[in-house]
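Working notes, beginning with the structure itself.
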Amino acid sequence: MALNYNELSDADLMKKVKASDSRALEALYNRYSPILFTLIKKIIGDHQAAEELLIEVYVIIWRKNHYYDERSSNVYCWLITLARNKAVDALRRKRDPSMVKEEYTDEYEDYFIIPRLSPEIDELDIQTAQSIQKNIEEALHKLTDAQQYVIYLGFYEGLTQSEIAAKLKIPIQTVKSKIKIALTNLKDNLLKGGE
Amino acid sequence: MYDEKGYDFQAYLYAYSLGCLDKEDYIHLVEHLESGESFPWQELGEFQNLSSLLPSFLNTEEPAANVKDRVARRLYRLRDEKKPDFMEKKPSSEKVSPLSRTQTVYHDRLKTTINEAPVSVPPTPAQVNIPDEDIPVPKEFKPATGSTGRRPLESSRPQQDTQIKNRGQRDNQERERMPDDRADFQLGKIPSDSEQESDPLDEFIINQTDSIASEPKEKSFRISDEPKIVDLPSTAGDLEAIRKQVVANVEHQSQQVNEDQPAKTGISTIIFLLIVLLLAAGMTGLYLFFSPKLAKSENELKQLRQEMQTALHTNSQTAEYSTFITLKESVVLSLKGTAKYSDAYGQYVYNSGNKQGFIMLAGLPATPAESGYQLWMESNGIKTPIGIPTEFGNAGMKIEFNKLSFIPSVTKNMRAAFYITLEKRGQQPAAPSKEKFLSTED
C-alpha cells in the first residue's frame, strides 16, 4: 500500500525529509508554502522576491534539515522562524547597505538564519496553529496600539530593539519593556481566550 | 539572570523570540545558550511558539505554480554541485540539538568583534515606565489585520535587492535553459543519479563530439539545434576523455582548414585577376569602338568652329563693308577675271580719305602655302603693291593698305589700273608677276 504523504504529521514528514525523501519535502511544500509565502511577502512586500525567498527557504530545509531537532516535534515553529529570519535578513540587507558587506555564507546562515528552538518547546503543527488563529487575532487585538506596533515593527518590519527605539524616539530600555509586556499580555490573552 | 559581564539574558528572551535582538545581543545570548548554563527554556519555548503564531491569521496567498518546479530544479543543481555535502551529511538518527550544535568558527569570529562592546545597564524605572500613550503609533497602523496587503506605512519600503535578487535571476536563467518537458517536474520525482539531466556543458561537448564524428569534413563547428540523446559520462574520467577527444578533433580540423587555406587563396587570386582582365578588355573595346567616332566628331567640331568663326568674321566684315561703301569718298571698282580665269571676279572699294579699302575676290584657285594673292596699282607706268588680301571668300574682304604704297593717291583725273597677281608670302615684291588673275582693265 502506497504511503500517503499528505496524511503524515509535520514531524513525520520532517523525519522523512531528514532521510532525504524528496516526496516528504514536496508534501511539506504543499502544506506550508502558502503560509510561508504569505509571511515572506508581508515582510518583503514584493511578490517575485517573496517567491525567490520561498525557494531559498525550501533549499535550506532540504540542505540543513539536520539542524531541526526531532525531539521538539515543532516543525511549524521551526519553519515559520526560518522563513521569517530569511525574509528579515533580505530586508535588512536592502535597507542597510552596510549589511550587504557581510557575506551571506553557509556559516552566516547557520548562525543567523537557522532557528534555535528551545529544547523544551511544546509541540505545534500547522493544523493546530490554524485552529487557533482566531484566538491569536483576538488576543492581539486586546493589546494596546503601542504594544501591537512594537510587535509589528520587530516581527514584520525586521527592526531590532535599538532601531525601534530610534524610530519611535524612545529609550531602548522602554522598547525592551514594551516588547516584554506585549508578548506577555499576548500570551495571557491567548490563554484566557482559550479557556 | 545576569552573567558576570552584567548581561540580563532573561530580558533578551522576549526580543529573541520575536526576532528583534540587536546583533551584539544576539551573539551574547547565543553564546550563553550554547554554554549549557541555566536558562528559562520553557519560557523561551512558549514565546517562540507565540511569535510563530503571529502569521497564522494572515490571509494566505498561494505562490505561483511554477515555484515548486523551481525548488526542484534548484535542488537538482545543488545535488550536482554539492554532492559531497549530502554524502557527508550527518545521519538522521544522530540527534543534534539546535542549542548544542557547534558553530565555533563563525561564533568565535563574532565574539572577537564584540568583546569590547558596552555592557547593558539595567534600566531604571523611569526609563521603562513610559505609558503606551506616549509611544507614537501611526494613525494608519492596523496590526491586527488578516490582510496580507501592505499598509500605507510600508508602501515606501524599498524593494528587495540583495543577493536574493541575483539568485532569482540566476534561477530564471536556469529555468530558461531547461527544456519544456521538465515543466511537469514534481518534487517527489527527483531522479536518481543515472536519470538526472546532463549539464549544459556536457551537452555542448557531446554535440560537438557527435557533429565532428559524423561530419569530419565540416568546417564550421556548431551546436546541434536538436541535441541527441546520448549516454552521459558517468565518471569524471569519461568526461575528461571526451574533452580530450573534442580538443583533438577540433585541433585536427583546424589543421585541415589551415592546409586548405593556400589553395583557396590561389583560387581567389586567379578569380581576381580574371575580373581585372575582363574589365581591362572591356575598357579597351569601348575605347576602340568610340575612338574613331570621337576623332571624327572632334574634326567636325573643329570644322564647325572654323566655319562659325568665318561666318562671324564675315558678318563683321560685311557690316563694316556696308558702312564703308556708303562713305562719300569711297570708290568701287570691278575686277574681272583674265582669259585664263574668266570665271573669277572681284570688287575693290577704296577710300582715299581714310586710306582704307575693301576687296572681294571669287572664283580664284587656291593658292600654295608659300604664296598669296597681291593687289597692285599701276599708274603712269608705276606699279605699286597696295596690300595683300588676308583671306579670300565670296564676301567682301578687308585688306590692309600699305601707307607707303598708297603715296600715289588716286584722283579723279588720274588713270590707274588695279590687278591681282600671285606672289611669295613674307616679302615685299618689287614687281608684279607676269600672270594676272583679275584686273580692272580688259
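Starting from 1 in every chain, residues are counted up; chains themselves are A, B, ... following the order of the C-alpha cells, and ligands are numbered from 1 as listed.
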Write out as a list in words which residues come within 10 Å of Ser439 in chain B when counting only C-alpha atoms, dropping same-chain ones fewer than 6 positions away.
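The residues satisfying every condition are Leu333, Ser334, Leu335, Lys336, Gly337, Thr338, Tyr345, Gly346, Gln347, Leu375, Trp376, Met377, Ala417, Phe418, Tyr419, Ile420 and Thr421 of chain B.
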Please return, as a PyMOL selection string, all residues of range 9-111 of chain A that DSSP assigns to helix (DSSP H, G or I) on the basis of the backbone.
chain A and resi 10-18+22-44+47-63+65-67+70-72+75-95+97-100+106-111
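Every protein or nucleic acid residue with an atom no more than 8 Å from Lys180 in chain A, counting only C-alpha atoms and leaving out same-chain residues fewer than 5 positions away, appears here: Ala11, Tyr14 and Ala15 of chain B.
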Long-range neighbours of Leu13 in chain A as a PyMOL selection string, 9 Å cut-off, only C-alpha atoms, 6 positions minimum in chain:
chain A and resi 5-6+21+23-25+27-28
Would you mind telling me which residue in A:Ala50, A:Ala11, A:Ile121, A:Ala83 lies nearest to chain B when using only C-alpha atoms?
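Of A:Ala50, A:Ala11, A:Ile121, A:Ala83, the one nearest chain B is A:Ile121, counting only C-alpha atoms.
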In terms of the shortest atom-to-atom distance over only C-alpha atoms, which of B:Val30, B:Ala65, B:Val71, B:Ala362 is closest to chain A?
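Between B:Val30, B:Ala65, B:Val71, B:Ala362, the residue approaching chain A most closely is B:Val71.
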All residues 12 Å or closer to Pro40 in chain B, only C-alpha atoms, same chain fewer than 2 positions away omitted, as JSON, numbers by chain
{"A": [118, 119, 120, 121], "B": [1, 9, 10, 11, 12, 13, 14, 32, 33, 36, 37, 38, 42, 43, 44, 45, 46, 47]}
Neighbours of Val175 in chain A within 12 Å (only C-alpha atoms; same-chain residues fewer than 2 positions away dropped), as a PyMOL selection string?
(chain A and resi 146-147+149-151+153-154+159-173+177-182) or (chain B and resi 11-12+14-15+20-21+123+127-132+135)
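Take the candidates A:Asn30, A:Asn74, A:Gln127, A:Thr174 and check each one against chain B using only C-alpha atoms; the shortest distance goes to A:Thr174.
Coordinates place CA of Lys355 in chain B at a distance of 16.7 Å from CA of Ser322 in chain B.
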